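input25.json, holding JSON, C-alpha atoms:
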```
[["chain", "number", "residue", "atom", "x", "y", "z"],
["A", 655, "MET", "CA", 177.35, -41.53, -162.44],
["A", 656, "TYR", "CA", 175.18, -44.64, -162.52],
["A", 657, "ARG", "CA", 175.10, -48.17, -161.12],
["A", 658, "ILE", "CA", 173.82, -51.38, -162.69],
["A", 659, "GLY", "CA", 171.81, -54.01, -160.84],
["A", 660, "ILE", "CA", 171.39, -57.54, -162.18],
["A", 661, "ASP", "CA", 168.60, -59.72, -160.78],
["A", 662, "LEU", "CA", 169.46, -63.26, -161.84],
["A", 663, "GLY", "CA", 166.41, -65.51, -161.53],
["A", 664, "GLY", "CA", 165.53, -69.00, -162.58],
["A", 665, "THR", "CA", 163.05, -67.63, -165.13],
["A", 666, "ASN", "CA", 164.41, -64.23, -166.18],
["A", 667, "ILE", "CA", 167.55, -62.12, -166.05],
["A", 668, "ALA", "CA", 166.53, -58.53, -165.28],
["A", 669, "VAL", "CA", 169.05, -55.71, -165.52],
["A", 670, "GLY", "CA", 168.53, -52.05, -164.65],
["A", 671, "ILE", "CA", 170.51, -48.83, -164.55],
["A", 672, "VAL", "CA", 170.06, -47.04, -161.22],
["A", 673, "ASP", "CA", 170.82, -43.38, -160.53],
["A", 674, "ARG", "CA", 172.17, -41.66, -157.42],
["A", 675, "GLU", "CA", 168.62, -41.31, -156.04],
["A", 676, "ASN", "CA", 168.18, -45.11, -156.20],
["A", 677, "ARG", "CA", 165.70, -44.88, -159.04],
["A", 678, "ILE", "CA", 165.71, -47.32, -161.95],
["A", 679, "VAL", "CA", 166.25, -45.19, -165.04],
["A", 680, "LYS", "CA", 165.95, -48.01, -167.55],
["A", 681, "LYS", "CA", 165.65, -51.80, -167.34],
["A", 682, "ILE", "CA", 165.49, -54.77, -169.69],
["A", 683, "SER", "CA", 165.20, -58.53, -169.29],
["A", 684, "VAL", "CA", 165.57, -61.80, -171.18],
["A", 685, "PRO", "CA", 164.62, -65.39, -170.33],
["A", 686, "THR", "CA", 167.28, -67.18, -168.30],
["A", 687, "ASN", "CA", 167.00, -70.49, -170.16],
["A", 688, "ALA", "CA", 168.28, -72.10, -167.01],
["A", 689, "GLY", "CA", 169.26, -75.49, -168.42],
["A", 690, "ARG", "CA", 172.24, -74.23, -170.42],
["A", 691, "HIS", "CA", 175.88, -73.74, -169.45],
["A", 692, "PRO", "CA", 176.39, -70.99, -166.83],
["A", 693, "ASP", "CA", 178.86, -69.19, -169.11],
["A", 694, "LYS", "CA", 176.02, -68.59, -171.57],
["A", 695, "ILE", "CA", 173.94, -67.02, -168.80],
["A", 696, "VAL", "CA", 176.81, -64.71, -167.83],
["A", 697, "GLY", "CA", 177.20, -63.81, -171.50],
["A", 698, "ASP", "CA", 173.58, -62.65, -171.57],
["A", 699, "MET", "CA", 174.14, -60.64, -168.39],
["A", 700, "ALA", "CA", 177.06, -58.83, -170.01],
["A", 701, "ASP", "CA", 175.11, -58.25, -173.23],
["A", 702, "LEU", "CA", 172.22, -56.70, -171.29],
["A", 703, "CYS", "CA", 174.59, -54.39, -169.38],
["A", 704, "ASN", "CA", 176.25, -53.27, -172.61],
["A", 705, "LYS", "CA", 172.88, -52.75, -174.27],
["A", 706, "LEU", "CA", 171.67, -50.54, -171.42],
["A", 707, "VAL", "CA", 174.83, -48.43, -171.54],
["A", 708, "GLU", "CA", 174.38, -48.02, -175.29],
["A", 709, "GLU", "CA", 170.68, -47.16, -175.08],
["A", 710, "MET", "CA", 171.32, -44.64, -172.30],
["A", 711, "GLU", "CA", 174.02, -43.07, -174.50],
["A", 712, "ILE", "CA", 176.54, -43.10, -171.66],
["A", 713, "LEU", "CA", 180.06, -44.49, -171.33],
["A", 714, "HIS", "CA", 181.11, -47.53, -169.32],
["A", 715, "CYS", "CA", 183.27, -45.22, -167.20],
["A", 716, "GLN", "CA", 180.07, -43.53, -166.03],
["A", 717, "VAL", "CA", 178.97, -46.80, -164.40],
["A", 718, "GLU", "CA", 180.42, -46.92, -160.89],
["A", 719, "MET", "CA", 179.69, -50.58, -160.22],
["A", 720, "VAL", "CA", 177.64, -53.63, -161.11],
["A", 721, "GLY", "CA", 175.84, -55.76, -158.54],
["A", 722, "ILE", "CA", 174.48, -59.26, -159.01],
["A", 723, "ALA", "CA", 171.54, -60.61, -157.00],
["A", 724, "ALA", "CA", 171.66, -64.40, -157.36],
["A", 725, "PRO", "CA", 169.62, -67.26, -155.93],
["A", 726, "GLY", "CA", 171.03, -70.02, -153.80],
["A", 727, "SER", "CA", 174.10, -70.10, -151.59],
["A", 728, "VAL", "CA", 176.62, -67.40, -152.46],
["A", 729, "ASP", "CA", 180.03, -66.21, -151.25],
["A", 730, "PRO", "CA", 180.03, -62.42, -151.67],
["A", 731, "GLU", "CA", 183.62, -62.00, -150.48],
["A", 732, "ASN", "CA", 185.00, -64.16, -153.28],
["A", 733, "GLY", "CA", 182.28, -63.51, -155.87],
["A", 734, "VAL", "CA", 181.35, -67.17, -156.09],
["A", 735, "ILE", "CA", 177.97, -68.89, -156.32],
["A", 736, "ASN", "CA", 178.48, -71.92, -154.11],
["A", 737, "TYR", "CA", 175.39, -73.79, -155.22],
["A", 738, "VAL", "CA", 172.19, -73.22, -157.11],
["A", 739, "SER", "CA", 170.85, -76.36, -158.74],
["A", 740, "THR", "CA", 168.38, -74.65, -161.08],
["A", 741, "LEU", "CA", 171.22, -72.80, -162.85],
["A", 742, "ASN", "CA", 173.78, -75.65, -162.84],
["A", 743, "MET", "CA", 176.16, -73.52, -160.79],
["A", 744, "VAL", "CA", 178.49, -75.17, -158.25],
["A", 745, "ASP", "CA", 181.42, -73.13, -156.90],
["A", 746, "TYR", "CA", 180.95, -70.92, -159.93],
["A", 747, "PRO", "CA", 183.10, -67.72, -160.00],
["A", 748, "ILE", "CA", 180.42, -65.52, -161.49],
["A", 749, "VAL", "CA", 182.08, -62.18, -160.66],
["A", 750, "GLU", "CA", 185.37, -63.21, -162.28],
["A", 751, "LYS", "CA", 183.48, -64.48, -165.35],
["A", 752, "LEU", "CA", 181.54, -61.22, -165.73],
["A", 753, "LYS", "CA", 184.65, -59.08, -165.28],
["A", 754, "LYS", "CA", 186.14, -60.73, -168.35],
["A", 755, "LEU", "CA", 183.17, -59.53, -170.41],
["A", 756, "LEU", "CA", 182.64, -56.01, -169.03],
["A", 757, "PRO", "CA", 185.03, -53.03, -168.79],
["A", 758, "ILE", "CA", 183.77, -52.34, -165.26],
["A", 759, "ARG", "CA", 186.08, -53.40, -162.43],
["A", 760, "ARG", "CA", 183.77, -53.07, -159.42],
["A", 761, "ILE", "CA", 181.39, -56.04, -159.58],
["A", 762, "TYR", "CA", 179.71, -57.44, -156.48],
["A", 763, "LEU", "CA", 177.56, -60.46, -155.62],
["A", 764, "GLU", "CA", 174.85, -61.13, -153.03],
["A", 765, "ASN", "CA", 172.02, -63.56, -152.37],
["A", 766, "ASP", "CA", 168.83, -62.39, -154.09],
["A", 767, "ALA", "CA", 166.70, -62.25, -150.93],
["A", 768, "ASN", "CA", 169.37, -60.19, -149.16],
["A", 769, "ALA", "CA", 169.70, -57.87, -152.16],
["A", 770, "ALA", "CA", 165.93, -57.39, -152.33],
["A", 771, "ALA", "CA", 165.85, -56.56, -148.63],
["A", 772, "LEU", "CA", 168.63, -54.02, -149.11],
["A", 773, "GLY", "CA", 166.75, -52.43, -152.02],
["A", 774, "GLU", "CA", 163.55, -52.23, -150.01],
["A", 775, "ALA", "CA", 165.44, -50.77, -147.05],
["A", 776, "ILE", "CA", 167.11, -48.10, -149.19],
["A", 777, "ALA", "CA", 164.25, -47.05, -151.45],
["A", 778, "GLY", "CA", 161.06, -48.75, -150.29],
["A", 779, "SER", "CA", 159.12, -49.60, -147.14],
["A", 780, "GLY", "CA", 162.23, -49.56, -144.96],
["A", 781, "LYS", "CA", 163.58, -46.20, -146.09],
["A", 782, "GLY", "CA", 164.77, -44.10, -143.19],
["A", 783, "VAL", "CA", 164.94, -46.83, -140.51],
["A", 784, "SER", "CA", 168.04, -48.57, -139.14],
["A", 785, "LYS", "CA", 166.71, -52.04, -138.27],
["A", 786, "PHE", "CA", 164.76, -53.67, -141.08],
["A", 787, "VAL", "CA", 163.66, -57.20, -142.00],
["A", 788, "MET", "CA", 162.05, -58.24, -145.26],
["A", 789, "ILE", "CA", 160.10, -61.44, -145.77],
["A", 790, "THR", "CA", 159.28, -62.66, -149.28],
["A", 791, "LEU", "CA", 156.32, -65.02, -149.62],
["A", 792, "GLY", "CA", 156.78, -66.81, -152.91],
["A", 793, "THR", "CA", 157.52, -70.40, -153.88],
["A", 794, "GLY", "CA", 159.53, -70.40, -150.65],
["A", 795, "VAL", "CA", 159.86, -67.95, -147.78],
["A", 796, "GLY", "CA", 162.86, -65.69, -148.28],
["A", 797, "GLY", "CA", 164.35, -63.45, -145.65],
["A", 798, "GLY", "CA", 166.72, -60.51, -145.51],
["A", 799, "ILE", "CA", 168.04, -58.66, -142.45],
["A", 800, "ILE", "CA", 169.37, -55.11, -142.71],
["A", 801, "ILE", "CA", 171.09, -53.55, -139.69],
["A", 802, "ASP", "CA", 172.36, -49.97, -139.92],
["A", 803, "GLY", "CA", 172.26, -50.10, -143.71],
["A", 804, "LYS", "CA", 174.21, -53.36, -144.00],
["A", 805, "ILE", "CA", 173.13, -56.90, -144.82],
["A", 806, "TYR", "CA", 173.45, -59.32, -141.92],
["A", 807, "SER", "CA", 174.13, -62.86, -143.15],
["A", 808, "GLY", "CA", 176.37, -64.40, -140.50],
["A", 809, "PHE", "CA", 180.00, -65.49, -140.62],
["A", 810, "ASN", "CA", 179.41, -67.86, -143.56],
["A", 811, "HIS", "CA", 176.96, -65.72, -145.58],
["A", 812, "ALA", "CA", 174.17, -68.26, -144.96],
["A", 813, "GLY", "CA", 172.30, -66.35, -142.25],
["A", 814, "GLY", "CA", 168.90, -64.78, -142.74],
["A", 815, "GLU", "CA", 167.20, -68.01, -143.87],
["A", 816, "LEU", "CA", 164.15, -67.06, -141.84],
["A", 817, "GLY", "CA", 161.87, -69.39, -143.77],
["A", 818, "HIS", "CA", 163.65, -72.35, -142.21],
["A", 819, "MET", "CA", 162.88, -71.69, -138.58],
["A", 820, "VAL", "CA", 160.60, -74.44, -137.27],
["A", 821, "ILE", "CA", 157.17, -73.29, -136.15],
["A", 822, "GLU", "CA", 155.50, -76.74, -135.98],
["A", 823, "HIS", "CA", 157.62, -79.46, -134.38],
["A", 824, "ASN", "CA", 157.60, -82.60, -136.56],
["A", 825, "GLY", "CA", 155.23, -80.83, -138.95],
["A", 826, "ARG", "CA", 155.17, -80.84, -142.74],
["A", 827, "PRO", "CA", 158.37, -81.89, -144.51],
["A", 828, "CYS", "CA", 160.37, -78.99, -145.93],
["A", 829, "THR", "CA", 162.61, -78.93, -148.99],
["A", 830, "CYS", "CA", 165.58, -78.21, -146.67],
["A", 831, "GLY", "CA", 165.25, -81.64, -145.04],
["A", 832, "ARG", "CA", 163.67, -80.54, -141.77],
["A", 833, "ARG", "CA", 160.03, -80.76, -140.75],
["A", 834, "GLY", "CA", 157.70, -77.97, -139.71],
["A", 835, "CYS", "CA", 159.60, -75.03, -141.25],
["A", 836, "TRP", "CA", 157.83, -71.69, -141.61],
["A", 837, "GLU", "CA", 158.32, -72.04, -145.37],
["A", 838, "ALA", "CA", 156.34, -75.30, -145.42],
["A", 839, "TYR", "CA", 153.29, -73.43, -144.13],
["A", 840, "CYS", "CA", 153.60, -69.82, -145.26],
["A", 841, "SER", "CA", 155.09, -69.92, -148.74],
["A", 842, "ALA", "CA", 152.66, -69.83, -151.66],
["A", 843, "THR", "CA", 153.38, -73.56, -151.92],
["A", 844, "GLY", "CA", 152.40, -74.00, -148.27],
["A", 845, "LEU", "CA", 149.23, -71.96, -148.73],
["A", 846, "ILE", "CA", 148.27, -74.16, -151.68],
["A", 847, "ALA", "CA", 148.87, -77.30, -149.59],
["A", 848, "THR", "CA", 146.65, -75.97, -146.79],
["A", 849, "THR", "CA", 143.96, -74.99, -149.29],
["A", 850, "LYS", "CA", 143.91, -78.51, -150.72],
["A", 851, "GLU", "CA", 143.72, -80.08, -147.26],
["A", 852, "TYR", "CA", 140.66, -78.01, -146.35],
["A", 853, "MET", "CA", 139.02, -78.58, -149.73],
["A", 854, "MET", "CA", 139.22, -82.33, -149.20],
["A", 855, "THR", "CA", 137.22, -81.94, -145.98],
["A", 856, "ASN", "CA", 134.39, -80.03, -147.69],
["A", 857, "LYS", "CA", 133.44, -80.98, -151.23],
["A", 858, "ASN", "CA", 130.75, -78.28, -151.20],
["A", 859, "SER", "CA", 133.22, -75.44, -150.82],
["A", 860, "LEU", "CA", 133.04, -72.68, -153.42],
["A", 861, "MET", "CA", 136.73, -73.31, -154.03],
["A", 862, "TRP", "CA", 135.94, -76.50, -155.94],
["A", 863, "LYS", "CA", 133.87, -74.52, -158.42],
["A", 864, "MET", "CA", 136.64, -71.95, -158.76],
["A", 865, "VAL", "CA", 139.13, -74.65, -159.77],
["A", 866, "GLU", "CA", 136.64, -76.44, -162.04],
["A", 867, "ASN", "CA", 136.55, -79.44, -159.67],
["A", 868, "ASP", "CA", 140.21, -80.20, -160.35],
["A", 869, "ILE", "CA", 142.34, -79.90, -157.22],
["A", 870, "ASN", "CA", 145.45, -79.64, -159.38],
["A", 871, "ASN", "CA", 144.22, -76.19, -160.46],
["A", 872, "VAL", "CA", 144.52, -74.78, -156.93],
["A", 873, "GLY", "CA", 146.73, -71.69, -156.78],
["A", 874, "GLY", "CA", 147.75, -69.30, -154.05],
["A", 875, "LYS", "CA", 144.86, -66.88, -154.68],
["A", 876, "VAL", "CA", 141.97, -69.35, -154.53],
["A", 877, "ALA", "CA", 141.39, -69.30, -150.77],
["A", 878, "TYR", "CA", 141.48, -65.50, -150.47],
["A", 879, "ARG", "CA", 139.14, -65.03, -153.44],
["A", 880, "ALA", "CA", 136.64, -67.55, -152.08],
["A", 881, "ALA", "CA", 136.91, -66.08, -148.56],
["A", 882, "ALA", "CA", 136.02, -62.64, -149.96],
["A", 883, "LEU", "CA", 132.85, -64.24, -151.36],
["A", 884, "GLY", "CA", 131.90, -65.64, -147.95],
["A", 885, "ASP", "CA", 133.06, -69.25, -148.26],
["A", 886, "MET", "CA", 133.60, -70.49, -144.70],
["A", 887, "THR", "CA", 136.07, -73.23, -145.63],
["A", 888, "ALA", "CA", 138.19, -70.68, -147.47],
["A", 889, "ARG", "CA", 138.02, -68.37, -144.47],
["A", 890, "ALA", "CA", 139.31, -71.21, -142.30],
["A", 891, "VAL", "CA", 142.24, -71.62, -144.71],
["A", 892, "CYS", "CA", 143.05, -67.93, -144.50],
["A", 893, "ALA", "CA", 142.76, -67.94, -140.71],
["A", 894, "GLU", "CA", 145.17, -70.87, -140.37],
["A", 895, "TYR", "CA", 147.61, -69.30, -142.82],
["A", 896, "THR", "CA", 147.47, -66.01, -140.91],
["A", 897, "ASP", "CA", 148.12, -67.76, -137.59],
["A", 898, "TYR", "CA", 151.23, -69.52, -138.92],
["A", 899, "LEU", "CA", 152.48, -66.35, -140.59],
["A", 900, "ALA", "CA", 151.94, -64.33, -137.41],
["A", 901, "CYS", "CA", 153.82, -66.95, -135.39],
["A", 902, "GLY", "CA", 156.93, -66.52, -137.53],
["A", 903, "LEU", "CA", 156.65, -62.73, -137.59],
["A", 904, "ALA", "CA", 156.35, -62.59, -133.80],
["A", 905, "ASN", "CA", 159.50, -64.74, -133.55],
["A", 906, "ILE", "CA", 161.34, -62.23, -135.74],
["A", 907, "VAL", "CA", 160.08, -59.32, -133.64],
["A", 908, "ASN", "CA", 161.22, -61.06, -130.45],
["A", 909, "ILE", "CA", 164.69, -61.81, -131.84],
["A", 910, "PHE", "CA", 165.52, -58.60, -133.72],
["A", 911, "GLN", "CA", 163.06, -55.91, -132.57],
["A", 912, "PRO", "CA", 163.30, -54.27, -136.02],
["A", 913, "ASP", "CA", 161.75, -50.91, -136.78],
["A", 914, "VAL", "CA", 159.91, -52.44, -139.74],
["A", 915, "ILE", "CA", 159.13, -55.89, -141.11],
["A", 916, "SER", "CA", 158.17, -55.68, -144.77],
["A", 917, "ILE", "CA", 156.27, -58.47, -146.52],
["A", 918, "GLY", "CA", 156.78, -59.00, -150.24],
["A", 919, "GLY", "CA", 156.25, -61.74, -152.81],
["A", 920, "GLY", "CA", 153.14, -62.87, -154.60],
["A", 921, "VAL", "CA", 151.06, -63.53, -151.48],
["A", 922, "SER", "CA", 151.62, -59.91, -150.36],
["A", 923, "ASN", "CA", 149.39, -58.80, -153.24],
["A", 924, "GLU", "CA", 146.49, -59.50, -150.87],
["A", 925, "GLY", "CA", 147.42, -56.19, -149.23],
["A", 926, "GLU", "CA", 145.30, -55.20, -146.24],
["A", 927, "ASN", "CA", 143.36, -58.49, -146.40],
["A", 928, "LEU", "CA", 146.65, -60.10, -145.41],
["A", 929, "ILE", "CA", 148.30, -57.46, -143.25],
["A", 930, "ALA", "CA", 145.39, -56.21, -141.09],
["A", 931, "PRO", "CA", 144.71, -59.49, -139.23],
["A", 932, "LEU", "CA", 148.46, -60.09, -138.99],
["A", 933, "ARG", "CA", 148.98, -56.80, -137.19],
["A", 934, "GLU", "CA", 146.32, -57.68, -134.63],
["A", 935, "ILE", "CA", 147.80, -61.10, -133.84],
["A", 936, "VAL", "CA", 151.47, -60.06, -133.83],
["A", 937, "ASP", "CA", 150.65, -57.06, -131.64],
["A", 938, "ARG", "CA", 149.01, -59.41, -129.13],
["A", 939, "ILE", "CA", 151.53, -62.28, -129.03],
["A", 940, "GLN", "CA", 154.90, -60.51, -129.29],
["A", 941, "TYR", "CA", 157.03, -60.30, -126.15],
["A", 942, "THR", "CA", 156.86, -56.51, -126.19],
["A", 943, "SER", "CA", 153.07, -56.40, -126.44],
["A", 944, "ARG", "CA", 152.92, -53.64, -123.82],
["A", 945, "ALA", "CA", 155.66, -51.50, -125.33],
["A", 946, "ARG", "CA", 154.81, -47.95, -126.35],
["A", 947, "VAL", "CA", 156.60, -48.25, -129.71],
["A", 948, "LYS", "CA", 156.41, -51.50, -131.68],
["A", 949, "THR", "CA", 157.65, -52.99, -134.92],
["A", 950, "GLN", "CA", 155.61, -51.86, -137.91],
["A", 951, "LEU", "CA", 154.33, -54.44, -140.39],
["A", 952, "LYS", "CA", 154.21, -53.15, -143.97],
["A", 953, "ILE", "CA", 153.66, -54.42, -147.49],
["A", 954, "ALA", "CA", 156.81, -54.13, -149.63],
["A", 955, "GLN", "CA", 156.71, -51.26, -152.13],
["A", 956, "LEU", "CA", 159.29, -52.02, -154.82],
["A", 957, "ARG", "CA", 157.91, -55.36, -156.05],
["A", 958, "ASN", "CA", 160.18, -56.80, -158.77],
["A", 959, "ASP", "CA", 162.48, -53.76, -158.69],
["A", 960, "ALA", "CA", 163.81, -54.48, -155.18],
["A", 961, "GLY", "CA", 166.45, -56.96, -156.37],
["A", 962, "ILE", "CA", 167.79, -54.62, -159.04],
["A", 963, "ILE", "CA", 167.99, -51.62, -156.70],
["A", 964, "GLY", "CA", 169.54, -53.72, -153.95],
["A", 965, "ALA", "CA", 172.10, -55.27, -156.29],
["A", 966, "ALA", "CA", 173.02, -51.80, -157.57],
["A", 967, "SER", "CA", 173.62, -50.72, -153.96],
["A", 968, "LEU", "CA", 176.03, -53.47, -152.89]]
```
Write the structure described by the file as structure tokens, please.
Amino acid sequence: MYRIGIDLGGTNIAVGIVDRENRIVKKISVPTNAGRHPDKIVGDMADLCNKLVEEMEILHCQVEMVGIAAPGSVDPENGVINYVSTLNMVDYPIVEKLKKLLPIRRIYLENDANAAALGEAIAGSGKGVSKFVMITLGTGVGGGIIIDGKIYSGFNHAGGELGHMVIEHNGRPCTCGRRGCWEAYCSATGLIATTKEYMMTNKNSLMWKMVENDINNVGGKVAYRAAALGDMTARAVCAEYTDYLACGLANIVNIFQPDVISIGGGVSNEGENLIAPLREIVDRIQYTSRARVKTQLKIAQLRNDAGIIGAASL
């Protein structure tokens, strides 16, 4: 028996068949083409599922369930996407729509960050522990909380938005409407903003040469690359970013005391350059700094497969 996981993103729809050992046996993807009618997107999801079943030379009855990892605000109990502006979905009954196109009755829905955290907990850096938190550092800061193998998202399925805890009172404006959110400082977008601020204070920084003297070319990797080459302004960027990231991580440790916090997303590609100084700061500032056993900080292992595996495990 197999399960199918669908990772519905603003750029791509990725679908994979997952076996009993939580391994992706085969996966395929197509562009989302987000501006079109949601029914067209669901049609592509169904087509990809059917194509995988055909290519695997199995029957639909051998697929136990289908899980959907979707962005935005979702209602898993009723299979409805409450709101995601990028996909033109408002109170959209995505599970009901997909059931009409697939001969598979068990179809489930979850927020994409929660599904990715579940996947990472089951088959990645959180495997074998009971209290697990995953942070995704991408365009925003996503969060997922797994307690005893289950997603914790509060009574209204909107919990776990860890990127929207305030770490700087009256700080930078955030897309959520508040100011000083962790996301505003520690997302890739926040890192880029900090990089630009520091570059404007030092026109001799190596970072200007790396972006061909055009500040609009600044990306999330510029500061870390320049810091590795000894640029002091870039090192100051990385130090500030690390401090803000450690502040949020210590908050999570103090609230949940998880066995593991896993860090994923594009910024996590920095690996030990990112995680080593974080461990030192979080170890020092957490409430349980003198405890014999402490929360482990790890880099996520599953990368883009986490959402598929998590969706297939709902």
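Comparing A:Ser859, A:Asn867, A:Ser967, A:Ser683 by their smallest distance to Met699 of chain A, the closest is A:Ser683 (using all atoms listed in the file).
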Please provide the set of residues having any atom within 10 Å of Leu899 of chain A, restricted to only C-alpha atoms, with same-chain residues fewer than 6 positions apart removed, written as a count of residues only. 12
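For the set A:Asn824, A:Ser784, A:Asp693, A:Glu709, the residue with the smallest atom-to-atom gap to Glu750 of chain A is A:Asp693, counting all atoms listed in the file.
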Leaving out Gly670 of chain A and any residue of its chain fewer than 6 positions from it, which residues lie within 7 Å of it when counting only C-alpha atoms, given as a ChimeraX atom specification? /A:658-660,678,680-682,962
Enclosing box along x, y and z for every listed atom of segment 693-700 of chain A, padded 3 Å each side, centre and size in Å, one decimal, as lines of an AutoDock Vina configuration file:
```
center_x = 176.2
center_y = -64.0
center_z = -169.7
size_x = 11.3
size_y = 16.4
size_z = 9.7
```
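The protein and nucleic acid residues lying at most 6 Å from segment 946-960 of chain A are Ala770, Gly773, Glu774, Gly778, Ser779, Pro912, Asp913, Val914, Ile915, Ser916, Ile917, Gly918, Ile963 and Gly964 of chain A, with all atoms listed in the file considered and sequence neighbours fewer than 3 positions away removed.
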Write out as a PyMOL selection string each polymer residue whose atoms come within 9 Å of Tyr895 of chain A, counting all atoms listed in the file; drop sequence neighbours fewer than 5 positions from it. chain A and resi 839-840+844-845+848+890+900
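The gap separating atom CA of Arg657 of chain A from atom CA of Ile761 of chain A is 10.2 Å, in Å to one decimal.
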